[in-house]
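Coordinates from entry.pdb are shown below (PDB, C-alpha atoms).
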```
MODEL        1
ATOM      1  CA  MET A   1     216.202 132.156 181.296  1.00  0.00           C
ATOM      2  CA  SER A   2     219.023 134.679 180.882  1.00  0.00           C
ATOM      3  CA  GLN A   3     220.554 135.327 177.459  1.00  0.00           C
ATOM      4  CA  LYS A   4     223.838 133.872 178.751  1.00  0.00           C
ATOM      5  CA  ARG A   5     222.208 130.601 179.807  1.00  0.00           C
ATOM      6  CA  ALA A   6     220.245 130.362 176.560  1.00  0.00           C
ATOM      7  CA  ALA A   7     223.478 130.771 174.592  1.00  0.00           C
ATOM      8  CA  LEU A   8     225.087 128.050 176.679  1.00  0.00           C
ATOM      9  CA  ARG A   9     222.353 125.594 175.639  1.00  0.00           C
ATOM     10  CA  LEU A  10     223.393 126.089 172.001  1.00  0.00           C
ATOM     11  CA  PHE A  11     227.102 125.934 172.825  1.00  0.00           C
ATOM     12  CA  PHE A  12     226.624 122.730 174.804  1.00  0.00           C
ATOM     13  CA  GLU A  13     225.276 120.907 171.724  1.00  0.00           C
ATOM     14  CA  MET A  14     228.886 120.562 170.507  1.00  0.00           C
ATOM     15  CA  TYR A  15     229.822 118.534 173.580  1.00  0.00           C
ATOM     16  CA  ALA A  16     226.665 116.467 174.087  1.00  0.00           C
ATOM     17  CA  ASP A  17     228.248 113.108 173.294  1.00  0.00           C
ATOM     18  CA  ALA A  18     231.267 113.480 175.562  1.00  0.00           C
ATOM     19  CA  ALA A  19     231.553 111.136 178.557  1.00  0.00           C
ATOM     20  CA  GLU A  20     230.810 112.677 181.936  1.00  0.00           C
ATOM     21  CA  TYR A  21     232.605 112.138 185.204  1.00  0.00           C
ATOM     22  CA  PRO A  22     231.215 109.265 187.327  1.00  0.00           C
ATOM     23  CA  ALA A  23     228.853 111.291 189.487  1.00  0.00           C
ATOM     24  CA  ARG A  24     225.576 110.066 190.910  1.00  0.00           C
ATOM     25  CA  ARG A  25     222.901 112.677 190.540  1.00  0.00           C
ATOM     26  CA  THR A  26     220.786 113.113 193.638  1.00  0.00           C
ATOM     27  CA  CYS A  27     217.654 115.045 193.161  1.00  0.00           C
ATOM     28  CA  ALA A  28     217.363 118.744 192.676  1.00  0.00           C
ATOM     29  CA  VAL A  29     220.827 119.790 193.773  1.00  0.00           C
ATOM     30  CA  PRO A  30     220.527 122.709 196.221  1.00  0.00           C
ATOM     31  CA  ARG A  31     222.284 126.024 195.994  1.00  0.00           C
ATOM     32  CA  ALA A  32     225.257 126.352 198.306  1.00  0.00           C
ATOM     33  CA  GLU A  33     225.768 128.560 201.303  1.00  0.00           C
ATOM     34  CA  LYS A  34     228.989 130.488 200.795  1.00  0.00           C
ATOM     35  CA  GLY A  35     231.902 128.324 201.936  1.00  0.00           C
ATOM     36  CA  SER A  36     229.688 125.331 202.731  1.00  0.00           C
ATOM     37  CA  THR A  37     230.891 121.855 201.745  1.00  0.00           C
ATOM     38  CA  MET A  38     229.257 119.838 204.550  1.00  0.00           C
ATOM     39  CA  LYS A  39     227.856 116.538 203.333  1.00  0.00           C
ATOM     40  CA  GLN A  40     224.221 115.848 204.109  1.00  0.00           C
ATOM     41  CA  GLN A  41     223.556 112.487 205.717  1.00  0.00           C
ATOM     42  CA  TYR A  42     220.140 112.079 204.105  1.00  0.00           C
ATOM     43  CA  LEU A  43     219.746 112.755 200.398  1.00  0.00           C
ATOM     44  CA  GLU A  44     216.612 113.092 198.312  1.00  0.00           C
ATOM     45  CA  ALA A  45     215.690 109.856 196.551  1.00  0.00           C
ATOM     46  CA  GLY A  46     212.635 111.077 194.699  1.00  0.00           C
ATOM     47  CA  ARG A  47     208.956 111.889 194.947  1.00  0.00           C
ATOM     48  CA  ILE A  48     205.985 109.575 195.370  1.00  0.00           C
ATOM     49  CA  VAL A  49     203.897 110.637 192.397  1.00  0.00           C
ATOM     50  CA  ASN A  50     200.999 108.210 192.749  1.00  0.00           C
ATOM     51  CA  THR A  51     199.685 104.953 194.058  1.00  0.00           C
ATOM     52  CA  HIS A  52     200.033 101.829 191.927  1.00  0.00           C
ATOM     53  CA  GLY A  53     197.211  99.313 192.003  1.00  0.00           C
ATOM     54  CA  ILE A  54     195.173  98.650 195.140  1.00  0.00           C
ATOM     55  CA  ALA A  55     197.628  96.557 197.180  1.00  0.00           C
ATOM     56  CA  GLY A  56     199.565  99.451 198.733  1.00  0.00           C
ATOM     57  CA  GLU A  57     202.269  99.995 196.119  1.00  0.00           C
ATOM     58  CA  VAL A  58     203.469 103.490 195.236  1.00  0.00           C
ATOM     59  CA  LYS A  59     205.074 104.956 192.124  1.00  0.00           C
ATOM     60  CA  ILE A  60     208.302 106.843 192.842  1.00  0.00           C
ATOM     61  CA  GLN A  61     209.837 109.334 190.424  1.00  0.00           C
ATOM     62  CA  PRO A  62     213.597 108.982 191.031  1.00  0.00           C
ATOM     63  CA  TRP A  63     215.745 112.034 191.545  1.00  0.00           C
ATOM     64  CA  THR A  64     218.868 109.934 191.014  1.00  0.00           C
ATOM     65  CA  ASP A  65     220.489 108.748 187.790  1.00  0.00           C
ATOM     66  CA  ASP A  66     217.858 106.056 187.352  1.00  0.00           C
ATOM     67  CA  ALA A  67     215.222 104.060 189.185  1.00  0.00           C
ATOM     68  CA  ALA A  68     217.425 100.949 189.325  1.00  0.00           C
ATOM     69  CA  PHE A  69     219.869 102.770 191.628  1.00  0.00           C
ATOM     70  CA  LEU A  70     217.120 103.072 194.248  1.00  0.00           C
ATOM     71  CA  ARG A  71     216.501  99.325 194.357  1.00  0.00           C
ATOM     72  CA  ARG A  72     219.566  98.868 196.582  1.00  0.00           C
ATOM     73  CA  PHE A  73     217.862 100.632 199.484  1.00  0.00           C
ATOM     74  CA  ARG A  74     215.897  98.601 202.032  1.00  0.00           C
ATOM     75  CA  VAL A  75     214.847 101.702 203.990  1.00  0.00           C
ATOM     76  CA  PHE A  76     213.692 105.134 202.863  1.00  0.00           C
ATOM     77  CA  TYR A  77     212.892 108.080 205.120  1.00  0.00           C
ATOM     78  CA  LEU A  78     209.770 110.206 205.043  1.00  0.00           C
ATOM     79  CA  ASP A  79     209.603 113.255 207.302  1.00  0.00           C
ATOM     80  CA  GLY A  80     212.449 111.707 209.311  1.00  0.00           C
ATOM     81  CA  ALA A  81     210.663 108.389 209.906  1.00  0.00           C
ATOM     82  CA  PRO A  82     211.929 105.133 208.343  1.00  0.00           C
ATOM     83  CA  LEU A  83     209.820 103.276 205.781  1.00  0.00           C
ATOM     84  CA  ARG A  84     211.019  99.700 205.284  1.00  0.00           C
ATOM     85  CA  VAL A  85     210.810  98.358 201.739  1.00  0.00           C
ATOM     86  CA  LYS A  86     208.885  95.123 201.371  1.00  0.00           C
ATOM     87  CA  LYS A  87     209.464  94.836 197.628  1.00  0.00           C
ATOM     88  CA  SER A  88     210.361  97.063 194.696  1.00  0.00           C
ATOM     89  CA  ARG A  89     210.753  96.866 190.942  1.00  0.00           C
ATOM     90  CA  VAL A  90     211.528  99.202 188.071  1.00  0.00           C
ATOM     91  CA  HIS A  91     208.658 100.036 185.746  1.00  0.00           C
ATOM     92  CA  LYS A  92     209.598 102.300 182.835  1.00  0.00           C
ATOM     93  CA  ASP A  93     211.458 105.198 184.492  1.00  0.00           C
ATOM     94  CA  PHE A  94     209.805 104.772 187.888  1.00  0.00           C
ATOM     95  CA  LEU A  95     210.315 102.631 190.973  1.00  0.00           C
ATOM     96  CA  ILE A  96     207.248 100.702 192.104  1.00  0.00           C
ATOM     97  CA  THR A  97     207.578 100.042 195.816  1.00  0.00           C
ATOM     98  CA  ALA A  98     205.594  98.433 198.621  1.00  0.00           C
ATOM     99  CA  PHE A  99     206.418  99.332 202.220  1.00  0.00           C
ATOM    100  CA  GLU A 100     206.050  97.136 205.269  1.00  0.00           C
ATOM    101  CA  GLY A 101     202.839  97.840 207.173  1.00  0.00           C
ATOM    102  CA  LEU A 102     201.175  99.705 204.299  1.00  0.00           C
ATOM    103  CA  ASP A 103     199.097  97.028 202.654  1.00  0.00           C
ATOM    104  CA  ASP A 104     196.314  98.796 200.760  1.00  0.00           C
ATOM    105  CA  ILE A 105     195.627 101.863 198.670  1.00  0.00           C
ATOM    106  CA  ASN A 106     194.024 103.735 201.576  1.00  0.00           C
ATOM    107  CA  ALA A 107     197.231 103.415 203.619  1.00  0.00           C
ATOM    108  CA  VAL A 108     199.452 104.908 200.907  1.00  0.00           C
ATOM    109  CA  MET A 109     197.174 107.618 199.498  1.00  0.00           C
ATOM    110  CA  PRO A 110     198.453 110.193 202.056  1.00  0.00           C
ATOM    111  CA  LEU A 111     202.004 109.602 200.771  1.00  0.00           C
ATOM    112  CA  LYS A 112     201.260 111.057 197.341  1.00  0.00           C
ATOM    113  CA  ASN A 113     203.593 113.970 196.445  1.00  0.00           C
ATOM    114  CA  LYS A 114     205.819 113.309 199.469  1.00  0.00           C
ATOM    115  CA  ILE A 115     209.613 113.342 199.075  1.00  0.00           C
ATOM    116  CA  LEU A 116     211.582 110.262 200.108  1.00  0.00           C
ATOM    117  CA  TYR A 117     215.154 110.350 201.398  1.00  0.00           C
ATOM    118  CA  PHE A 118     217.889 107.741 201.761  1.00  0.00           C
ATOM    119  CA  ASP A 119     220.826 107.466 204.134  1.00  0.00           C
ATOM    120  CA  ARG A 120     224.119 108.001 202.290  1.00  0.00           C
ATOM    121  CA  ASP A 121     225.681 105.199 204.362  1.00  0.00           C
ATOM    122  CA  ASP A 122     223.322 102.744 202.654  1.00  0.00           C
ATOM    123  CA  ALA A 123     224.275 103.823 199.134  1.00  0.00           C
ATOM    124  CA  ALA A 124     227.442 101.692 198.724  1.00  0.00           C
ATOM    125  CA  LEU A 125     228.820 103.791 195.880  1.00  0.00           C
ATOM    126  CA  GLU A 126     231.408 102.277 193.576  1.00  0.00           C
ATOM    127  CA  PRO A 127     234.990 103.514 194.098  1.00  0.00           C
ATOM    128  CA  GLY A 128     235.625 106.785 192.305  1.00  0.00           C
ATOM    129  CA  THR A 129     231.978 107.856 192.249  1.00  0.00           C
ATOM    130  CA  TYR A 130     230.314 110.564 194.308  1.00  0.00           C
ATOM    131  CA  PHE A 131     227.050 112.411 194.705  1.00  0.00           C
ATOM    132  CA  LEU A 132     226.673 115.694 192.859  1.00  0.00           C
ATOM    133  CA  ALA A 133     225.184 117.187 196.011  1.00  0.00           C
ATOM    134  CA  ASP A 134     228.589 116.708 197.665  1.00  0.00           C
ATOM    135  CA  LEU A 135     230.194 119.084 195.171  1.00  0.00           C
ATOM    136  CA  ILE A 136     227.977 122.035 196.012  1.00  0.00           C
ATOM    137  CA  GLY A 137     230.191 124.617 197.697  1.00  0.00           C
ATOM    138  CA  ALA A 138     233.391 123.075 196.281  1.00  0.00           C
ATOM    139  CA  GLN A 139     236.233 125.383 195.269  1.00  0.00           C
ATOM    140  CA  VAL A 140     236.659 125.681 191.506  1.00  0.00           C
ATOM    141  CA  VAL A 141     240.168 126.394 190.237  1.00  0.00           C
ATOM    142  CA  GLY A 142     241.807 126.774 186.848  1.00  0.00           C
ATOM    143  CA  GLU A 143     244.528 124.421 185.623  1.00  0.00           C
ATOM    144  CA  ASP A 144     247.124 126.893 186.887  1.00  0.00           C
ATOM    145  CA  GLY A 145     245.578 126.886 190.368  1.00  0.00           C
ATOM    146  CA  THR A 146     243.821 130.233 190.012  1.00  0.00           C
ATOM    147  CA  ALA A 147     240.714 130.384 192.208  1.00  0.00           C
ATOM    148  CA  LEU A 148     237.602 130.958 190.087  1.00  0.00           C
ATOM    149  CA  GLY A 149     234.894 130.686 192.723  1.00  0.00           C
ATOM    150  CA  THR A 150     232.646 128.073 194.287  1.00  0.00           C
ATOM    151  CA  LEU A 151     230.213 125.638 192.702  1.00  0.00           C
ATOM    152  CA  ARG A 152     226.822 127.119 193.492  1.00  0.00           C
ATOM    153  CA  GLU A 153     224.485 124.970 191.410  1.00  0.00           C
ATOM    154  CA  VAL A 154     224.345 122.066 188.963  1.00  0.00           C
ATOM    155  CA  MET A 155     221.932 122.652 186.081  1.00  0.00           C
ATOM    156  CA  GLU A 156     220.404 119.583 184.458  1.00  0.00           C
ATOM    157  CA  LEU A 157     219.905 120.511 180.805  1.00  0.00           C
ATOM    158  CA  PRO A 158     218.416 118.165 178.191  1.00  0.00           C
ATOM    159  CA  ARG A 159     221.855 117.481 176.703  1.00  0.00           C
ATOM    160  CA  GLY A 160     223.843 117.276 179.934  1.00  0.00           C
ATOM    161  CA  ARG A 161     224.924 118.962 183.135  1.00  0.00           C
ATOM    162  CA  VAL A 162     226.341 122.438 183.569  1.00  0.00           C
ATOM    163  CA  TYR A 163     228.217 123.667 186.642  1.00  0.00           C
ATOM    164  CA  VAL A 164     227.303 127.169 187.815  1.00  0.00           C
ATOM    165  CA  VAL A 165     230.369 128.734 189.437  1.00  0.00           C
ATOM    166  CA  GLN A 166     230.094 131.944 191.440  1.00  0.00           C
ATOM    167  CA  GLY A 167     233.189 134.067 191.859  1.00  0.00           C
ATOM    168  CA  GLU A 168     233.797 137.634 190.785  1.00  0.00           C
ATOM    169  CA  ARG A 169     231.322 136.739 188.043  1.00  0.00           C
ATOM    170  CA  GLU A 170     229.093 133.793 187.249  1.00  0.00           C
ATOM    171  CA  ILE A 171     230.722 131.146 185.044  1.00  0.00           C
ATOM    172  CA  LEU A 172     228.750 128.358 183.355  1.00  0.00           C
ATOM    173  CA  ILE A 173     230.888 125.281 182.670  1.00  0.00           C
ATOM    174  CA  PRO A 174     229.666 122.198 180.749  1.00  0.00           C
ATOM    175  CA  ALA A 175     230.378 119.113 182.885  1.00  0.00           C
ATOM    176  CA  VAL A 176     232.401 117.284 180.237  1.00  0.00           C
ATOM    177  CA  PRO A 177     236.093 116.314 180.200  1.00  0.00           C
ATOM    178  CA  GLU A 178     236.985 119.099 177.741  1.00  0.00           C
ATOM    179  CA  PHE A 179     236.266 121.591 180.528  1.00  0.00           C
ATOM    180  CA  VAL A 180     236.226 119.653 183.815  1.00  0.00           C
ATOM    181  CA  ARG A 181     239.744 118.273 184.138  1.00  0.00           C
ATOM    182  CA  GLY A 182     239.529 116.864 187.647  1.00  0.00           C
ATOM    183  CA  VAL A 183     237.137 116.407 190.550  1.00  0.00           C
ATOM    184  CA  ASP A 184     238.298 115.720 194.106  1.00  0.00           C
ATOM    185  CA  ALA A 185     235.012 115.284 195.950  1.00  0.00           C
ATOM    186  CA  GLU A 186     236.706 114.549 199.277  1.00  0.00           C
ATOM    187  CA  ALA A 187     238.860 117.683 199.180  1.00  0.00           C
ATOM    188  CA  GLY A 188     236.055 119.745 197.658  1.00  0.00           C
ATOM    189  CA  VAL A 189     238.090 120.943 194.660  1.00  0.00           C
ATOM    190  CA  ILE A 190     237.149 120.971 190.972  1.00  0.00           C
ATOM    191  CA  THR A 191     239.812 121.757 188.360  1.00  0.00           C
ATOM    192  CA  VAL A 192     238.583 123.217 185.094  1.00  0.00           C
ATOM    193  CA  HIS A 193     239.893 124.344 181.732  1.00  0.00           C
ATOM    194  CA  LEU A 194     238.340 127.600 180.581  1.00  0.00           C
ATOM    195  CA  ILE A 195     238.156 128.877 177.044  1.00  0.00           C
ATOM    196  CA  GLU A 196     237.400 132.394 175.898  1.00  0.00           C
ATOM    197  CA  GLY A 197     233.714 133.104 176.140  1.00  0.00           C
ATOM    198  CA  LEU A 198     232.945 131.026 179.243  1.00  0.00           C
TER     199      LEU A 198
ENDMDL
END
```
Output the structure of this file as C-alpha cells.
Amino acid sequence: MSQKRAALRLFFEMYADAAEYPARRTCAVPRAEKGSTMKQQYLEAGRIVNTHGIAGEVKIQPWTDDAAFLRRFRVFYLDGAPLRVKKSRVHKDFLITAFEGLDDINAVMPLKNKILYFDRDDAALEPGTYFLADLIGAQVVGEDGTALGTLREVMELPRGRVYVVQGEREILIPAVPEFVRGVDAEAGVITVHLIEGL
C-alpha cells in the first residue's frame, strides 16, 4: 500500500461515523476504462464458497451490502446460464441457497468458488439508491464546477469507502457527506468538496 493510501486510512478515522450516501455495493467494483460510464446488465452477486449439508444447498459469500439483499432474486446467472432459486435463507453473513434441479451435494460440488451474477432489472432498487459499479467512470467535479477527473475505483476500507479519482493526479476522497456533496448516478457526475491535503 502506498504511503498516501496508508495516511488516508488514519485520516478516515475522523469520519468513520458519518452517514454514507444510499449506494448499494456490488462486488469488487472494477476499474474504469477512460470515459466509460456504460452500465453493466449483469452484476456480481457473490461467490459460492462451499456446499451446505448434503441436500444440494450452497453457501454464498455476498459481494453486496448484505446477504439479505440477495434474497430478492429468484434467478442467478453462472457462466451466462440461469440458475433458478428454489429456496434461500440468511445464515450469519452468508446466503444459503438451493437451486432447482440441483438436489444433492454431488450436483453442487462443481459450483464451489464460482461467481454468481444477477440481472440489474431484477434488483428493484429503492428510489434514490444506485449501484456503486454504476459510478465507475463518472465525472468528478468540485463545488465550483471544476473538473477533477473520473472515478476510477472504489476502495472498501474497514472504516468505510474511499473514491479513487484520476485526473492530473490521483485524489482519494472519503465517501462521506463532508466530502461528497452530491451524486447524480444517471448523469454520471459526482460533486465533491476538497480540503487541503486531499
| said: Can you spell out as JSON, numbers by chain the set of residues that the PyMOL selection byres ((chain A and resi 183) around 12) selects in the structure I just provided? | reply: {"A": [20, 21, 22, 23, 128, 129, 130, 131, 132, 134, 135, 138, 139, 140, 141, 142, 143, 151, 175, 176, 177, 179, 180, 181, 182, 184, 185, 186, 187, 188, 189, 190, 191, 192]}
| request: Carefully work through the PyMOL selection byres ((chain A and resi 73-89) around 6) for this structure and note down the residues it includes, as a PyMOL selection string. | output: chain A and resi 70-72+90+95-100+116-118
| query | Out of A:Trp63, A:Phe69, A:Tyr42, A:Phe94, which residue has the shortest atom-to-atom distance to Ala124 in chain A when counting all atoms listed in the file? | reply |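 Between A:Trp63, A:Phe69, A:Tyr42, A:Phe94, the residue approaching Ala124 in chain A most closely is A:Phe69.
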| task | Taking the file above as input, evaluate the PyMOL selection byres ((chain A and resi 109) around 9) and report the hits as a PyMOL selection string. | result | chain A and resi 50-51+56+58+104-108+110-112
| task | Counting all atoms listed in the file, note down every residue that has an atom within 6 Å of the point (233.0, 130.8, 193.5) (file coordinates), as a list in words. | result |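 Output: Leu148, Gly149, Thr150, Leu151, Val165, Gln166 and Gly167 of chain A.
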| said: Please report the interatomic distance between CA of Pro174 in chain A and CA of Val162 in chain A in Å with one decimal. | reply: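 About the pair CA of Pro174 in chain A and CA of Val162 in chain A: they are 4.4 Å apart.
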| note | In Å and to one decimal, CA of Gln61 in chain A is distant from CA of Asp93 in chain A by 7.4 Å
If you take every atom of range 158-167 of chain A that the file lists and fit an axis-aligned box around them with 8 Å extra on each side, what centre and edge lengths come out in Å to one decimal, as lines of an AutoDock Vina configuration file?
```
center_x = 225.8
center_y = 125.7
center_z = 184.3
size_x = 30.8
size_y = 32.8
size_z = 31.2
```
| Which of these, A:His52, A:Arg152, A:Pro158, A:Arg47, has the shortest distance to Ala133 in chain A once you count all atoms listed in the file? |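 That would be A:Arg152, the residue with the smallest distance to Ala133 in chain A.
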| message | Please determine, counting all atoms listed in the file, which residue among A:Asp144, A:Glu178, A:Asp119, A:Glu168 has the shortest atom-to-atom distance to Leu43 in chain A. | response | A:Asp119
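Here CA of Asp122 in chain A is placed at a distance of 21.5 Å from CA of Gly101 in chain A.
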